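*Asks:* What follows is a single structure, and I will ask about it in a moment.
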Amino acid sequence: MTQPTIFWFRQDLRLADHPALTAAVATGNPLLACYVLDDVTPGEWAMGGASRWWLHHSLAWLQGEIEAIGGRLVLLKGAAAVEIPALAEAVDASAVYCSRQVEDWAVRQEEETGDLLAAQEVAFERIEGALLFSPEELRTGAGEPFKVFTPFWRRALTSPAPPTPLQRPRNITFHKGGPKGLKLDALALTPGKPDWAAHWGDYWQPGSEGARKSLRKFLDKALDDYDESRNHPARQATSRLSPHLHFGEVSPRQVWYAVHAHCNKHDADPHQRDKFLSELGWREFSHHLLWHNPGMATEPFNTRFEQFPWLGQPEHLERWQRGMTGYPIVDAGMRELWHTGYMHNRVRMVVASFLTKHLLLPWQAGERWFWDTLVDADLANNACGWQWVAGCGADAAPYFRIFNPTLQGKRFDADGAYVKRWVPELAELPAKYLHEPAKAPKDVLEEAGVTLGETYPHPIVEHAAAREAALAAYASLKEDQGARAN
DNA sequence: TGAAATGTTGGGGCG
DNA sequence: ACGCCCCAACATTTC
């Protein structure tokens, strides 16, 4: 009997433009496709609740696609470095193929799996497929990893273009037999009661078809005004591809080439195109950074920040998480996150600035909350995004760049549509006061049915004072450094 | 991929 | 007519 080739699906839940899958099929041996839910190896970065909901539906989609071509996706649970070699042993596999990942734990997982497979004399191939450019190859003239985005992306854009997307493999022969594996429901990925994800199907379609639809819709409806509209959270102006990209339901190469094809065909504005592609660039930058600096998920990239005096009150963290800070744009964002597993990126920056600067709570606390609540939770993007806002990341926002949540609201949600949607208790307020209900005259508040401190909280901190405190905290950091240097 | 403080300019009211 | 003040509008600097 022919020995099977095992294909180990990870964060690459697609069939098209899949170099590792294509390579596995090219071995000519019957394919045994599997997914391992590994909550052991990632340690504190085991998937959060929102991601699990997504994974459930993405696996369901992938199963359907594979079954439609006569195959089967074997679901397993446990440490991958145990499960994969055991599976290889059980079915007498000749080789195991998978895609590479950048996370520290994932690299370790690959290495341990590879060691055991080597001892069993089973070939193990790890193949790139989640990035446009290779972190090993994309370096400065001096051979160092880039630490600043602009030169990083300039170099990327002048490097040889990423290969064009691969077709999905045709005529895959699947291995008959092998273990049955677990039923999808047995992985228990979806919430029980209360079912906080009951309506998420209205917002999302996990799986590669949903990814394609999102991309198509974005190109047709939103790309031509992307640069301006993307900053307005009430508009449908961003691609919302992040969870699809995280789970590998669509590859960045597919997105890259779809954007170029669309723009060539419609003679679209290259400026809008480049703005959007640079967002893929930030994803790329984050992943390269994490690969080069595994500690970035928990430790500040800029070591000066190791002794930053986080002074925040723990009870403020819960107010922030629940969207009860008294700053409407912040609360709207946090509630959008809770209700949909997603937050508009402009608002992510505002709430992150608020947590780290107005509340002086450590960025890791925000990173952790996002990890558990975002459907697009991605170790590289999440860690780098938080570090960027906190001012300790690579090419970070300078520490003194403190968003004024009221001004951000007025500027990017001028008519208050976003706040009205997610903070309904303020919906009757005139737009003029939506972003600062404390400034509204008494009769206006009464008219709108708003009683501050009862129906909606007073601001938990006063902006000007909080801003001064943050600047002082950052200044103390600078002085400490000076003192130590002497 | 800020905001606030500070500086500069120029028009208009007014003595 | 002139200088002075006020202040909006804009520019620059600072955090």
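Scheme for the structure tokens: letters A, B, ... for chains in order shown; per-chain residue numbers from 1; ligand numbers from 1 in order shown.
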Need to verify the contact set: B:DC14, 12 Å, only C-alpha atoms (C1' of nucleotides), exclusion of same-chain residues closer than 3 positions in sequence. Can you return it as a list in words?
*Replies:*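 Contacts, in chain order: DC2, DG3, DC4, DC5 and DC6 of chain C.
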*Asks:* Restricting the output to C-alpha atoms (C1' of nucleotides), write the selected residues as a PDB file, in the first residue's frame.
*Replies:*
ATOM      1  C1'  DC C   2      -1.892 106.716  12.812  1.00  0.00           C
ATOM      2  C1'  DG C   3      -0.878 103.632  16.543  1.00  0.00           C
ATOM      3  C1'  DC C   4      -2.772 100.459  19.468  1.00  0.00           C
ATOM      4  C1'  DC C   5      -5.319  96.536  20.740  1.00  0.00           C
ATOM      5  C1'  DC C   6      -7.911  92.477  19.835  1.00  0.00           C
TER       6       DC C   6
END
*Asks:* Can you check which parts of chain A lie within 12 Å of chain B? Per residue, the shortest pair of atoms and distance in Å to one decimal, counting only C-alpha atoms (C1' of nucleotides), sorted by chain and number, as CSV.
*Replies:*
residue,atom,partner,partner_atom,distance
A:Asp227,CA,B:DT1,C1',10.8
A:Glu228,CA,B:DT1,C1',11.6
A:Arg230,CA,B:DT1,C1',11.0
A:Asn231,CA,B:DT1,C1',9.2
A:Lys275,CA,B:DT1,C1',11.4
A:Ser278,CA,B:DT1,C1',11.8
A:Glu279,CA,B:DT1,C1',10.9
A:Trp282,CA,B:DT1,C1',11.6
A:Asn345,CA,B:DT1,C1',9.9
A:Arg346,CA,B:DT1,C1',8.3
A:Val347,CA,B:DT1,C1',11.4
A:Arg348,CA,B:DT1,C1',11.4
A:Met349,CA,B:DT1,C1',8.7
A:Val350,CA,B:DT1,C1',10.8
A:Ser353,CA,B:DG2,C1',11.2
A:Gly385,CA,B:DT1,C1',11.5
A:Trp388,CA,B:DT1,C1',10.6
A:Val389,CA,B:DT1,C1',10.1
A:Asp395,CA,B:DT1,C1',12.0
A:Ala396,CA,B:DT1,C1',10.7
A:Ala397,CA,B:DT1,C1',8.7
A:Pro398,CA,B:DG2,C1',9.7
A:Tyr399,CA,B:DG2,C1',10.7
A:Phe400,CA,B:DG2,C1',8.4
A:Arg401,CA,B:DG2,C1',5.3
A:Ile402,CA,B:DG2,C1',6.4
A:Phe403,CA,B:DG2,C1',6.2
A:Asn404,CA,B:DA3,C1',7.2
A:Pro405,CA,B:DA3,C1',10.8
A:Thr406,CA,B:DA3,C1',11.4
A:Leu407,CA,B:DA3,C1',9.2
A:Gln408,CA,B:DG2,C1',9.6
A:His463,CA,B:DA3,C1',11.6
A:Ala464,CA,B:DA4,C1',10.0
A:Arg467,CA,B:DA3,C1',10.1
A:Glu468,CA,B:DA4,C1',11.1
*Asks:* List the neighbours of A:Glu209 out to 10 Å using only C-alpha atoms (C1' of nucleotides); skip same-chain residues closer than 5 positions along the sequence, and give me the result as a tab-separated table (two decimals) with C-alpha atoms, in the first residue's frame.
*Replies:*
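File written: around26.tsv
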chain	number	residue	atom	x	y	z
A	14	ARG	CA	-7.35	27.40	2.21
A	58	SER	CA	-13.44	28.20	9.12
A	61	TRP	CA	-15.89	25.51	5.55
A	62	LEU	CA	-12.58	23.79	4.84
A	214	SER	CA	-14.90	40.61	1.36
A	215	LEU	CA	-12.03	41.29	-0.97
A	244	HIS	CA	-9.32	35.89	6.87
A	249	GLU	CA	-8.21	31.69	4.25
A	250	VAL	CA	-6.77	34.09	1.76
*Asks:* Would you mind listing what lies within 12 Å of A:Lys176 as a list of chain:residue names, with only C-alpha atoms (C1' of nucleotides) counted and same-chain residues fewer than 4 positions away left out?
*Replies:*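 Here the answer would be A:Met1, A:Thr2, A:Gln3, A:Pro4, A:Thr5, A:Asn29, A:Pro30, A:Leu31, A:Leu32, A:Ala33, A:Gly70, A:Gly71, A:Arg72, A:Leu73, A:Val74, A:Val91, A:Lys180.
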*Asks:* With C-alpha atoms retained, could you export that selection as a PDB file, in the first residue's frame?
*Replies:*
ATOM      1  CA  MET A   1       0.000   0.000   0.000  1.00  0.00           C
ATOM      2  CA  THR A   2       1.279   3.468  -0.899  1.00  0.00           C
ATOM      3  CA  GLN A   3       2.473   5.489   2.030  1.00  0.00           C
ATOM      4  CA  PRO A   4       0.421   8.673   2.499  1.00  0.00           C
ATOM      5  CA  THR A   5       1.699  12.207   2.734  1.00  0.00           C
ATOM      6  CA  ASN A  29       1.287  10.052  -2.633  1.00  0.00           C
ATOM      7  CA  PRO A  30      -2.274   9.976  -1.316  1.00  0.00           C
ATOM      8  CA  LEU A  31      -2.957  12.910   0.949  1.00  0.00           C
ATOM      9  CA  LEU A  32      -4.078  12.745   4.540  1.00  0.00           C
ATOM     10  CA  ALA A  33      -5.246  16.205   5.624  1.00  0.00           C
ATOM     11  CA  GLY A  70     -13.625  13.327  -2.133  1.00  0.00           C
ATOM     12  CA  GLY A  71     -11.354  13.903   0.824  1.00  0.00           C
ATOM     13  CA  ARG A  72     -11.584  14.254   4.543  1.00  0.00           C
ATOM     14  CA  LEU A  73     -10.105  16.568   7.142  1.00  0.00           C
ATOM     15  CA  VAL A  74      -9.010  14.705  10.245  1.00  0.00           C
ATOM     16  CA  VAL A  91      -0.701   5.567   8.986  1.00  0.00           C
ATOM     17  CA  LYS A 180     -11.479   9.036  12.157  1.00  0.00           C
TER      18      LYS A 180
END
*Asks:* Atom CA of A:Leu361 and atom C1' of C:DT14, how far apart in Å?
*Replies:*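 Interatomic distance, atom C1' of C:DT14 to atom CA of A:Leu361: 25.1 Å.
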*Asks:* Could you tell me, as a ChimeraX atom specification, which residues of stretch 88-267 of chain A DSSP assigns to alpha helix (DSSP H) when given the backbone?
*Replies:* /A:88-91,104-119,149-158,200-203,208-221,226-229,242-246,252-266
*Asks:* Can you pull out every residue within 10 Å of stretch 194-205 of chain A, counting only C-alpha atoms (C1' of nucleotides), but drop anything in the same chain fewer than 4 positions away, and send it as a list in words?
*Replies:* Gly49, Ala50, Trp53, Trp54, His57, Ser58, Trp61, Thr190, Glu209, Gly210, Ala211, Lys213, Ser214, Arg240, Pro243, His244, Trp338, His339, Thr340, Gly341, Tyr342 and Val375 of chain A
*Asks:* Quote the spacing between atom CA of A:Arg273 and atom CA of A:Arg212 in Å to one decimal place.
*Replies:* 17.8 Å
